[in-house]
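Colleague: TSV, C-alpha atoms, saved as run_33.tsv, coming up:
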```tsv
chain	number	residue	atom	x	y	z
A	300	MET	CA	42.92	-4.53	-33.42
A	301	PHE	CA	40.28	-3.76	-30.81
A	302	GLY	CA	42.30	-5.67	-28.21
A	303	ASN	CA	45.28	-3.41	-28.82
A	304	ILE	CA	43.07	-0.35	-28.34
A	305	ILE	CA	41.86	-1.73	-24.99
A	306	GLN	CA	45.45	-2.39	-23.90
A	307	LEU	CA	46.48	1.14	-24.83
A	308	ALA	CA	43.50	2.53	-22.91
A	309	PHE	CA	44.46	0.65	-19.72
A	310	ARG	CA	48.09	1.72	-20.19
A	311	GLU	CA	47.01	5.36	-20.19
A	312	LEU	CA	44.90	4.77	-17.07
A	313	ARG	CA	47.87	3.23	-15.25
A	314	ARG	CA	50.09	6.10	-16.31
A	315	ASN	CA	47.99	8.49	-14.15
A	316	VAL	CA	46.40	6.20	-11.56
A	317	LEU	CA	45.41	8.92	-9.09
A	318	ARG	CA	43.92	11.14	-11.77
A	319	SER	CA	42.02	8.20	-13.26
A	320	ALA	CA	40.70	7.20	-9.82
A	321	LEU	CA	39.46	10.72	-9.11
A	322	THR	CA	37.87	10.87	-12.57
A	323	ILE	CA	35.84	7.70	-12.13
A	324	LEU	CA	34.79	8.66	-8.58
A	325	GLY	CA	31.78	10.55	-9.89
A	326	ILE	CA	30.65	7.49	-11.86
A	327	VAL	CA	31.23	5.24	-8.83
A	328	ILE	CA	29.14	7.47	-6.59
A	329	GLY	CA	26.41	7.83	-9.19
A	330	VAL	CA	26.04	4.11	-9.91
A	331	ALA	CA	26.25	3.19	-6.21
A	332	ALA	CA	23.65	5.81	-5.29
A	333	VAL	CA	21.22	4.63	-7.96
A	334	ILE	CA	21.53	0.98	-6.92
A	335	ILE	CA	21.21	1.74	-3.20
A	336	MET	CA	18.18	4.00	-3.63
A	337	VAL	CA	16.35	1.67	-5.99
A	338	THR	CA	17.18	-1.46	-3.97
A	339	LEU	CA	15.99	0.12	-0.73
A	340	GLY	CA	12.88	1.36	-2.51
A	341	ARG	CA	12.09	-2.10	-3.88
A	342	GLY	CA	12.68	-3.59	-0.42
A	343	THR	CA	10.28	-1.07	1.10
A	344	THR	CA	7.66	-1.86	-1.54
A	345	GLN	CA	7.98	-5.59	-0.85
A	346	GLN	CA	7.74	-5.05	2.89
A	347	VAL	CA	4.64	-2.89	2.55
A	348	THR	CA	3.00	-5.45	0.26
A	349	GLU	CA	3.73	-8.28	2.70
A	350	GLU	CA	2.44	-6.26	5.66
A	351	ILE	CA	-0.81	-5.41	3.89
A	352	ALA	CA	-1.15	-9.08	2.91
A	353	SER	CA	-0.91	-9.95	6.62
A	354	LEU	CA	-4.28	-8.23	7.06
A	355	GLY	CA	-5.77	-11.10	5.08
A	356	SER	CA	-6.00	-12.01	1.41
A	357	ASN	CA	-9.14	-11.71	-0.72
A	358	GLN	CA	-10.55	-9.41	1.95
A	359	LEU	CA	-13.16	-6.67	1.99
A	360	GLN	CA	-13.84	-4.32	4.89
A	361	VAL	CA	-17.26	-2.76	5.37
A	362	ARG	CA	-17.34	0.36	7.55
A	363	PRO	CA	-20.01	2.98	8.30
A	364	GLY	CA	-19.42	6.40	6.76
A	365	GLU	CA	-20.84	9.90	6.94
A	366	ARG	CA	-24.09	10.94	5.31
A	367	PHE	CA	-24.19	14.32	3.56
A	368	ARG	CA	-27.44	16.21	3.98
A	369	PRO	CA	-28.61	19.13	1.78
A	370	GLY	CA	-26.62	22.26	2.51
A	371	GLY	CA	-23.39	20.33	3.11
A	372	VAL	CA	-24.38	19.20	6.61
A	373	ARG	CA	-22.64	15.98	7.63
A	374	THR	CA	-24.21	13.50	10.02
A	375	ALA	CA	-22.53	10.42	11.44
A	376	ALA	CA	-23.90	7.21	9.96
A	377	GLU	CA	-25.34	4.62	12.29
A	378	GLN	CA	-23.20	1.62	13.11
A	379	PHE	CA	-23.79	-1.90	11.82
A	380	GLU	CA	-25.44	-4.68	13.80
A	381	LEU	CA	-24.71	-8.38	14.12
A	382	ALA	CA	-27.73	-8.98	11.90
A	383	ASP	CA	-25.94	-7.18	9.04
A	384	ALA	CA	-23.00	-9.57	9.22
A	385	GLU	CA	-25.35	-12.53	9.44
A	386	ALA	CA	-27.26	-11.28	6.37
A	387	ILE	CA	-24.02	-11.01	4.36
A	388	GLU	CA	-23.02	-14.54	5.31
A	389	ARG	CA	-26.49	-15.85	4.50
A	390	GLU	CA	-27.29	-14.01	1.28
A	391	ILE	CA	-23.97	-13.30	-0.50
A	392	ALA	CA	-22.54	-16.15	-2.58
A	393	GLY	CA	-18.81	-16.90	-2.67
A	394	VAL	CA	-18.10	-15.70	0.87
A	395	ARG	CA	-15.63	-17.73	2.92
A	396	ALA	CA	-15.85	-15.89	6.24
A	397	VAL	CA	-17.71	-12.89	7.67
A	398	ALA	CA	-16.39	-11.41	10.91
A	399	PRO	CA	-18.23	-8.62	12.78
A	400	VAL	CA	-15.82	-6.45	14.77
A	401	ALA	CA	-16.21	-3.90	17.56
A	402	SER	CA	-13.28	-2.46	19.47
A	403	ARG	CA	-12.28	-0.29	22.41
A	404	THR	CA	-9.03	0.62	24.14
A	405	LEU	CA	-8.88	-0.65	27.74
A	406	LEU	CA	-6.35	-1.07	30.53
A	407	THR	CA	-5.53	-4.75	31.04
A	408	VAL	CA	-4.18	-5.91	34.40
A	409	TYR	CA	-2.55	-9.10	35.64
A	410	GLY	CA	-0.97	-9.15	39.09
A	411	ASN	CA	1.26	-6.07	39.35
A	412	ALA	CA	1.54	-5.64	35.59
A	413	ASN	CA	-0.79	-3.49	33.50
A	414	TRP	CA	-0.94	-2.63	29.81
A	415	ARG	CA	-3.29	-0.44	27.74
A	416	THR	CA	-4.33	-2.30	24.62
A	417	SER	CA	-7.03	-2.66	21.98
A	418	VAL	CA	-9.83	-5.03	22.97
A	419	ILE	CA	-11.71	-6.46	19.97
A	420	GLY	CA	-15.05	-8.19	20.08
A	421	SER	CA	-15.60	-10.75	17.32
A	422	ASP	CA	-16.03	-14.48	16.75
A	423	ASN	CA	-13.96	-17.31	15.29
A	424	SER	CA	-14.50	-15.96	11.77
A	425	PHE	CA	-12.11	-13.15	12.72
A	426	PHE	CA	-9.19	-15.60	12.83
A	427	VAL	CA	-10.15	-16.89	9.36
A	428	ALA	CA	-10.66	-13.44	7.84
A	429	ARG	CA	-7.35	-12.12	9.22
A	430	GLU	CA	-5.56	-15.42	8.49
A	431	TRP	CA	-4.37	-15.41	12.08
A	432	ASP	CA	-3.54	-18.67	13.85
A	433	VAL	CA	-3.90	-19.31	17.56
A	434	GLU	CA	-0.35	-20.35	18.43
A	435	SER	CA	-1.18	-21.88	21.81
A	436	GLY	CA	-4.47	-22.63	23.51
A	437	ARG	CA	-7.73	-22.59	21.55
A	438	GLU	CA	-10.36	-20.46	19.86
A	439	PHE	CA	-13.84	-19.73	21.25
A	440	THR	CA	-16.39	-22.51	21.59
A	441	ASP	CA	-19.87	-22.08	20.08
A	442	SER	CA	-21.40	-21.79	23.54
A	443	GLU	CA	-18.93	-19.06	24.51
A	444	VAL	CA	-19.78	-17.09	21.36
A	445	ARG	CA	-23.56	-17.48	21.86
A	446	SER	CA	-23.57	-16.71	25.58
A	447	GLY	CA	-21.02	-13.92	25.37
A	448	LYS	CA	-18.85	-15.40	28.10
A	449	LEU	CA	-15.77	-13.25	28.81
A	450	VAL	CA	-12.89	-15.42	27.67
A	451	CYS	CA	-10.07	-13.98	25.59
A	452	VAL	CA	-7.33	-14.74	23.09
A	453	ILE	CA	-4.39	-12.36	23.53
A	454	GLY	CA	-1.69	-11.11	21.18
A	455	ALA	CA	2.03	-11.67	21.69
A	456	THR	CA	2.66	-8.08	22.83
A	457	VAL	CA	0.00	-8.31	25.54
A	458	ARG	CA	1.41	-11.67	26.65
A	459	ASP	CA	4.95	-10.29	26.93
A	460	ASN	CA	3.90	-7.18	28.86
A	461	LEU	CA	1.53	-8.89	31.29
A	462	PHE	CA	3.05	-12.32	31.75
A	463	GLY	CA	6.69	-12.13	30.68
A	464	ASN	CA	7.95	-15.71	30.61
A	465	GLN	CA	4.92	-17.13	32.43
A	466	ASN	CA	2.30	-19.32	30.74
A	467	PRO	CA	-0.81	-17.11	30.31
A	468	LEU	CA	-3.25	-19.94	29.55
A	469	ALA	CA	-6.05	-20.34	32.14
A	470	ALA	CA	-4.92	-17.14	33.89
A	471	SER	CA	-7.48	-14.41	34.62
A	472	ILE	CA	-6.77	-10.84	33.54
A	473	ARG	CA	-8.81	-7.70	34.10
A	474	LEU	CA	-10.22	-5.79	31.15
A	475	GLY	CA	-11.06	-2.52	32.82
A	476	LYS	CA	-13.11	-3.75	35.80
A	477	LEU	CA	-14.08	-7.10	34.28
A	478	SER	CA	-12.34	-10.44	34.74
A	479	CYS	CA	-11.49	-12.47	31.64
A	480	GLU	CA	-9.93	-15.93	31.34
A	481	VAL	CA	-7.09	-16.30	28.82
A	482	ILE	CA	-7.78	-19.31	26.57
A	483	GLY	CA	-5.29	-18.70	23.75
A	484	VAL	CA	-2.32	-16.73	22.41
A	485	LEU	CA	-2.15	-15.51	18.80
A	486	ALA	CA	0.84	-16.08	16.52
A	487	GLU	CA	3.02	-12.99	16.07
A	488	LYS	CA	2.26	-10.71	13.12
A	489	GLY	CA	4.48	-7.70	13.84
A	490	GLN	CA	3.86	-4.11	12.80
A	491	SER	CA	1.32	-3.14	10.18
A	492	THR	CA	2.01	-0.91	7.18
A	493	PHE	CA	0.92	2.12	9.18
A	494	GLY	CA	3.28	1.42	12.08
A	495	MET	CA	0.73	-0.15	14.45
A	496	ASP	CA	1.61	-3.22	16.48
A	497	GLN	CA	-0.83	-5.89	15.31
A	498	ASP	CA	0.06	-8.12	18.28
A	499	ASP	CA	-1.09	-5.51	20.80
A	500	VAL	CA	-4.63	-6.87	20.96
A	501	VAL	CA	-7.10	-8.90	23.03
A	502	ILE	CA	-9.94	-10.77	21.27
A	503	VAL	CA	-13.18	-11.58	23.15
A	504	PRO	CA	-16.58	-12.95	21.97
A	505	ILE	CA	-18.50	-10.06	20.43
A	506	ARG	CA	-21.72	-10.62	22.39
A	507	GLY	CA	-19.80	-10.42	25.66
A	508	PHE	CA	-18.01	-7.31	24.39
A	509	GLN	CA	-21.28	-5.61	23.47
A	510	ARG	CA	-23.10	-6.44	26.70
A	511	ARG	CA	-20.38	-6.01	29.29
A	512	ILE	CA	-17.75	-3.70	27.78
A	513	ALA	CA	-19.33	-1.47	25.14
A	514	GLY	CA	-22.84	-1.35	26.57
A	515	ASN	CA	-24.37	-1.27	23.08
A	516	LEU	CA	-24.98	-3.53	20.08
A	517	ASP	CA	-22.81	-1.61	17.61
A	518	VAL	CA	-20.52	-3.31	15.08
A	519	ASN	CA	-17.78	-0.97	13.83
A	520	THR	CA	-16.42	-3.08	10.96
A	521	ILE	CA	-17.35	-6.21	9.06
A	522	TYR	CA	-14.48	-8.23	7.59
A	523	ILE	CA	-15.41	-10.33	4.56
A	524	THR	CA	-13.12	-12.93	3.00
A	525	ALA	CA	-13.92	-14.23	-0.48
A	526	GLN	CA	-13.36	-17.83	-1.50
A	527	SER	CA	-11.16	-16.64	-4.37
A	528	SER	CA	-9.81	-13.38	-5.74
A	529	ASP	CA	-11.98	-13.73	-8.86
A	530	LEU	CA	-15.11	-13.27	-6.74
A	531	ILE	CA	-14.07	-10.10	-4.91
A	532	ASP	CA	-15.55	-7.57	-7.36
A	533	LYS	CA	-18.87	-9.46	-7.56
A	534	ILE	CA	-19.06	-9.82	-3.77
A	535	LYS	CA	-18.29	-6.11	-3.34
A	536	GLN	CA	-21.17	-5.15	-5.64
A	537	ASP	CA	-23.55	-7.56	-3.88
A	538	VAL	CA	-22.56	-6.31	-0.42
A	539	GLU	CA	-23.10	-2.68	-1.46
A	540	ALA	CA	-26.55	-3.51	-2.82
A	541	LEU	CA	-27.46	-5.50	0.30
A	542	MET	CA	-26.26	-2.81	2.71
A	543	ARG	CA	-28.14	-0.08	0.82
A	544	GLN	CA	-31.27	-2.16	1.16
A	545	ARG	CA	-30.76	-2.96	4.87
A	546	ARG	CA	-29.79	0.63	5.75
A	547	HIS	CA	-32.72	2.07	3.74
A	548	VAL	CA	-30.57	4.19	1.42
A	549	SER	CA	-32.77	5.51	-1.38
A	550	ALA	CA	-31.72	5.60	-5.03
A	551	ASN	CA	-30.87	9.31	-4.98
A	552	GLU	CA	-28.85	9.18	-1.76
A	553	GLU	CA	-25.17	8.47	-1.31
A	554	ASP	CA	-24.03	5.43	0.63
A	555	ASN	CA	-23.62	5.96	4.38
A	556	PHE	CA	-21.06	3.16	4.42
A	557	TYR	CA	-18.14	2.09	2.28
A	558	VAL	CA	-16.70	-1.23	1.18
A	559	ARG	CA	-12.91	-1.18	0.98
A	560	ASP	CA	-10.94	-3.73	-1.01
A	561	ILE	CA	-7.53	-4.64	0.44
A	562	ARG	CA	-6.20	-4.80	-3.12
A	563	GLU	CA	-6.95	-1.08	-3.55
A	564	ILE	CA	-4.86	-0.27	-0.48
A	565	THR	CA	-2.04	-2.47	-1.77
A	566	GLU	CA	-2.08	-0.87	-5.22
A	567	ARG	CA	-2.21	2.66	-3.81
A	568	VAL	CA	0.63	2.18	-1.34
A	569	THR	CA	2.73	0.23	-3.85
A	570	SER	CA	2.23	2.95	-6.47
A	571	THR	CA	3.36	5.58	-3.96
A	572	THR	CA	6.50	3.71	-2.94
A	573	GLU	CA	7.39	2.96	-6.57
A	574	THR	CA	6.99	6.64	-7.48
A	575	LEU	CA	9.26	7.65	-4.60
A	576	THR	CA	11.77	4.99	-5.64
A	577	ALA	CA	11.82	6.31	-9.21
A	578	LEU	CA	12.23	9.87	-7.93
A	579	LEU	CA	15.13	8.93	-5.65
A	580	GLY	CA	16.74	6.95	-8.47
A	581	ALA	CA	16.44	9.91	-10.82
A	582	VAL	CA	17.99	12.26	-8.25
A	583	ALA	CA	20.85	9.81	-7.71
A	584	ALA	CA	21.35	9.51	-11.48
A	585	VAL	CA	22.20	13.22	-11.64
A	586	SER	CA	25.56	12.39	-10.05
A	587	LEU	CA	26.23	10.15	-13.06
A	588	LEU	CA	25.96	13.20	-15.27
A	589	VAL	CA	28.36	15.03	-12.99
A	590	GLY	CA	30.74	12.07	-13.34
A	591	GLY	CA	30.36	12.28	-17.12
A	592	ILE	CA	31.37	15.94	-17.06
A	593	GLY	CA	34.44	14.91	-15.06
A	594	ILE	CA	35.34	12.36	-17.73
A	595	MET	CA	34.95	14.95	-20.48
A	596	ASN	CA	37.14	17.38	-18.58
A	597	ILE	CA	39.96	14.92	-17.97
A	598	MET	CA	39.83	13.63	-21.56
A	599	LEU	CA	40.20	17.19	-22.86
A	600	VAL	CA	43.23	17.56	-20.60
A	601	SER	CA	44.56	14.25	-21.92
A	602	VAL	CA	44.15	15.39	-25.54
A	603	THR	CA	46.09	18.56	-24.77
A	604	GLU	CA	48.87	16.62	-23.04
A	605	ARG	CA	49.16	14.08	-25.87
A	606	THR	CA	48.86	16.47	-28.82
A	607	ARG	CA	52.38	15.67	-30.08
A	608	GLU	CA	51.70	11.91	-29.77
A	609	ILE	CA	48.50	12.37	-31.82
A	610	GLY	CA	50.42	14.31	-34.45
A	611	ILE	CA	53.01	11.52	-34.79
A	612	ARG	CA	50.27	8.91	-35.22
A	613	LEU	CA	48.51	10.94	-37.88
A	614	ALA	CA	51.84	11.66	-39.64
A	615	ILE	CA	52.77	8.00	-39.94
A	616	GLY	CA	49.42	7.01	-41.43
A	617	ALA	CA	46.86	6.69	-38.63
A	618	LEU	CA	43.33	7.61	-39.72
A	619	GLU	CA	41.13	10.11	-37.94
A	620	SER	CA	38.79	7.23	-37.10
A	621	ASP	CA	41.65	5.38	-35.39
A	622	VAL	CA	42.42	8.37	-33.14
A	623	LEU	CA	38.71	8.93	-32.49
A	624	ARG	CA	38.27	5.28	-31.55
A	625	GLN	CA	41.32	5.33	-29.26
A	626	PHE	CA	40.19	8.27	-27.13
A	627	LEU	CA	36.55	7.15	-27.15
A	628	VAL	CA	37.54	3.70	-25.84
A	629	GLU	CA	39.61	5.34	-23.10
A	630	ALA	CA	36.56	7.35	-21.97
A	631	VAL	CA	34.32	4.26	-22.05
A	632	VAL	CA	36.89	2.23	-20.09
A	633	LEU	CA	36.97	4.94	-17.43
A	634	ALA	CA	33.17	4.90	-17.20
A	635	CYS	CA	32.89	1.08	-17.19
A	636	VAL	CA	35.52	0.67	-14.47
A	637	GLY	CA	33.61	3.24	-12.45
A	638	GLY	CA	30.38	1.36	-13.16
A	639	ILE	CA	31.77	-1.98	-11.98
A	640	VAL	CA	33.18	-0.46	-8.78
A	641	GLY	CA	29.90	1.42	-8.26
A	642	ILE	CA	27.85	-1.78	-8.65
A	643	ALA	CA	29.98	-3.59	-6.07
A	644	LEU	CA	29.75	-0.64	-3.69
A	645	GLY	CA	26.00	-0.21	-4.25
A	646	LEU	CA	25.10	-3.85	-3.67
A	647	SER	CA	27.29	-4.17	-0.57
A	648	GLY	CA	25.91	-0.87	0.76
A	649	SER	CA	22.33	-2.02	0.16
A	650	ALA	CA	22.97	-5.34	1.89
A	651	LEU	CA	24.45	-3.45	4.85
A	652	VAL	CA	21.79	-0.74	5.17
A	653	SER	CA	18.70	-2.93	4.61
A	654	PRO	CA	18.92	-4.78	7.97
A	655	MET	CA	19.49	-1.46	9.75
A	656	LEU	CA	16.21	-0.14	8.33
A	657	ASN	CA	14.42	-3.47	8.92
A	658	ILE	CA	13.54	-3.90	5.28
A	659	PRO	CA	14.32	-6.88	3.03
A	660	PHE	CA	17.27	-6.78	0.64
A	661	VAL	CA	15.85	-7.22	-2.86
A	662	PHE	CA	18.47	-7.89	-5.54
A	663	ASP	CA	17.28	-6.62	-8.91
A	664	PRO	CA	19.55	-7.72	-11.82
A	665	ALA	CA	17.69	-5.37	-14.18
A	666	ILE	CA	18.54	-2.17	-12.30
A	667	THR	CA	22.15	-3.38	-11.95
A	668	MET	CA	22.46	-3.86	-15.70
A	669	ILE	CA	20.69	-0.55	-16.40
A	670	ALA	CA	23.06	1.32	-14.06
A	671	PHE	CA	26.08	-0.26	-15.77
A	672	ALA	CA	24.73	0.42	-19.27
A	673	PHE	CA	23.99	4.02	-18.27
A	674	SER	CA	27.55	4.48	-16.99
A	675	ALA	CA	28.91	3.11	-20.29
A	676	ALA	CA	26.60	5.45	-22.22
A	677	VAL	CA	27.91	8.37	-20.15
A	678	GLY	CA	31.43	7.39	-21.25
A	679	VAL	CA	30.41	7.36	-24.91
A	680	ILE	CA	28.45	10.63	-24.78
A	681	PHE	CA	30.93	12.66	-22.76
A	682	GLY	CA	33.98	11.06	-24.34
A	683	TYR	CA	32.93	11.71	-27.92
A	684	PHE	CA	33.68	15.45	-27.98
A	685	PRO	CA	37.27	15.15	-26.69
A	686	ALA	CA	37.85	12.17	-29.03
A	687	ARG	CA	36.55	14.11	-32.01
A	688	LYS	CA	38.78	17.06	-31.07
A	689	ALA	CA	41.80	14.74	-31.00
A	690	ALA	CA	40.90	13.15	-34.35
A	691	ARG	CA	40.55	16.54	-36.08
A	692	LEU	CA	43.94	17.87	-35.04
A	693	ASN	CA	46.18	19.05	-37.89
A	694	PRO	CA	49.22	16.74	-37.92
A	695	ILE	CA	51.66	19.59	-38.67
A	696	ASP	CA	50.30	21.78	-35.87
A	697	ALA	CA	50.25	18.79	-33.53
A	698	LEU	CA	53.92	17.98	-34.24
A	699	ARG	CA	54.89	21.58	-33.46
A	700	HIS	CA	53.11	21.44	-30.10
A	701	GLU	CA	55.42	21.53	-27.09
```
Mind turning the file's structure into structure tokens?
Modeller:
Amino acid sequence: MFGNIIQLAFRELRRNVLRSALTILGIVIGVAAVIIMVTLGRGTTQQVTEEIASLGSNQLQVRPGERFRPGGVRTAAEQFELADAEAIEREIAGVRAVAPVASRTLLTVYGNANWRTSVIGSDNSFFVAREWDVESGREFTDSEVRSGKLVCVIGATVRDNLFGNQNPLAASIRLGKLSCEVIGVLAEKGQSTFGMDQDDVVIVPIRGFQRRIAGNLDVNTIYITAQSSDLIDKIKQDVEALMRQRRHVSANEEDNFYVRDIREITERVTSTTETLTALLGAVAAVSLLVGGIGIMNIMLVSVTERTREIGIRLAIGALESDVLRQFLVEAVVLACVGGIVGIALGLSGSALVSPMLNIPFVFDPAITMIAFAFSAAVGVIFGYFPARKAARLNPIDALRHE
């Protein structure tokens, strides 16, 4: 019985192919738009999560902040010292690596090539905290870190701009007016979440940076890596307590520093991208409603055109439920065909656009099924009124219809 109804529905679609195609176009566009928007949004979320993870897992960042005086006056907080990083490593349990960091932008020169880049002073703990491997060459020796000798590990961007295809190892480059021997090249990391090139960097021993480049003993940031994610909250509390003690912050004063958890950044950015994805998906879903209105319109036209046919069916014994079911199935078939075509178009469009935007293609079966189910629901909702109108026709009046 139901098979016959499906056959009749497809027969009616084939009878007016162009009209049927134009009717389902709204559903096709709506389903395709939803899938493309949501897929691109999920890809963006995954990319952002991976990029933030490249900063290092189980990581905390300790930075100086501003102190608020009575009357709303703000004063810049004093920077950290190497002793602060050493105290964290010595006194806080569960810490895997503690890396003091100071930085400055300098012009680097090799031969006739020059490049302005970020020069970072730190030690070998920096490579552990940032989970950054030295691709070629080596890290700093203990004597180089203690003495502050100017040797450097460069990023891939600096290597490409200064050396091209040449081997940079053992070459001497100028950092401002100072000479520095290249001892290693970092593995490529690419752009960060905020659009910065992570490979555009030169790492030098922090004591050499402080004495010969910065001219002070300031430490701008302290990177802390926990041994496991379960320890992060406890380490954060202990670090805050230790820094308040070392920076002489009284009980009634606000911290003049802050400890930032990488997980907080990940959750915040992920929440933002997911909200935008939901918003874009909702906007795209509006076109599905427009497609549903198109289905209702064409089904009303179909009922008018087939009034005499409906009258004959009712006259020879067809029930109102049979007529209702027939026209409702036709509306659902229109919507489902549009949904299938829309899914194919949406997935192929997402696979095509994702590489252009440099984001991963993330196939989500759930959103595909939801889009299809929503298109079928549109067929039921917007097809019910025309079907009910057809079922309630008076057989005598329908037979008289020309």
Colleague: Kindly indicate which residue among A:Ala577, A:Val582, A:Val679, A:Leu623 lies nearest to Gly329 of chain A, using only C-alpha atoms for the distances.
Modeller: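 Of A:Ala577, A:Val582, A:Val679, A:Leu623, the one nearest Gly329 of chain A, counting only C-alpha atoms, is A:Val582.
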Colleague: Separation of atom CA of Ile521 of chain A and atom CA of Asn551 of chain A, in Å?
Modeller: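 Going from atom CA of Ile521 of chain A over to atom CA of Asn551 of chain A, I get 24.9 Å.
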Colleague: Please list as a list in words every residue within 8 Å of Ile502 of chain A, counting all atoms listed in the file and excluding residues in the same chain fewer than 2 positions away.
Modeller: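 In the requested format, the answer is Val418, Ile419, Gly420, Ser421, Cys451, Val452, Ile453, Val500 and Pro504 of chain A.
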Colleague: When distances are computed from all atoms listed in the file, which of A:Asn411, A:Thr343, A:Thr322, A:Gln378 shows the smallest separation from Phe556 of chain A?
Modeller: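 Nearest candidate to Phe556 of chain A out of A:Asn411, A:Thr343, A:Thr322, A:Gln378: A:Gln378.
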Colleague: Residues within 12 Å of Gln465 of chain A, please, as a list in words. Count all atoms listed in the file; anything in the same chain fewer than 6 positions from it doesn't count.
Modeller: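 So the residues in contact are Tyr409, Gly410, Arg458 and Asp459 of chain A.
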Colleague: Under the rule that only C-alpha atoms are counted, which of A:Asp496, A:Asp383, A:Glu430, A:Glu443 is the nearest residue to Ile482 of chain A?
Modeller: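 Of the candidates, the smallest distance to Ile482 of chain A is held by A:Glu443.
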Colleague: In Å, rounded to a single decimal, give me how far atom CA of Val600 of chain A is from atom CA of Arg687 of chain A.
Modeller: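 So the two atoms, atom CA of Arg687 of chain A and atom CA of Val600 of chain A, lie 13.7 Å apart.
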Colleague: Using all atoms listed in the file, which protein or nucleic acid residues come within 7 Å of Leu485 of chain A? Drop anything in the same chain fewer than 4 positions from it, and give the result as a PyMOL selection string.
Modeller: chain A and resi 432-434+452-455
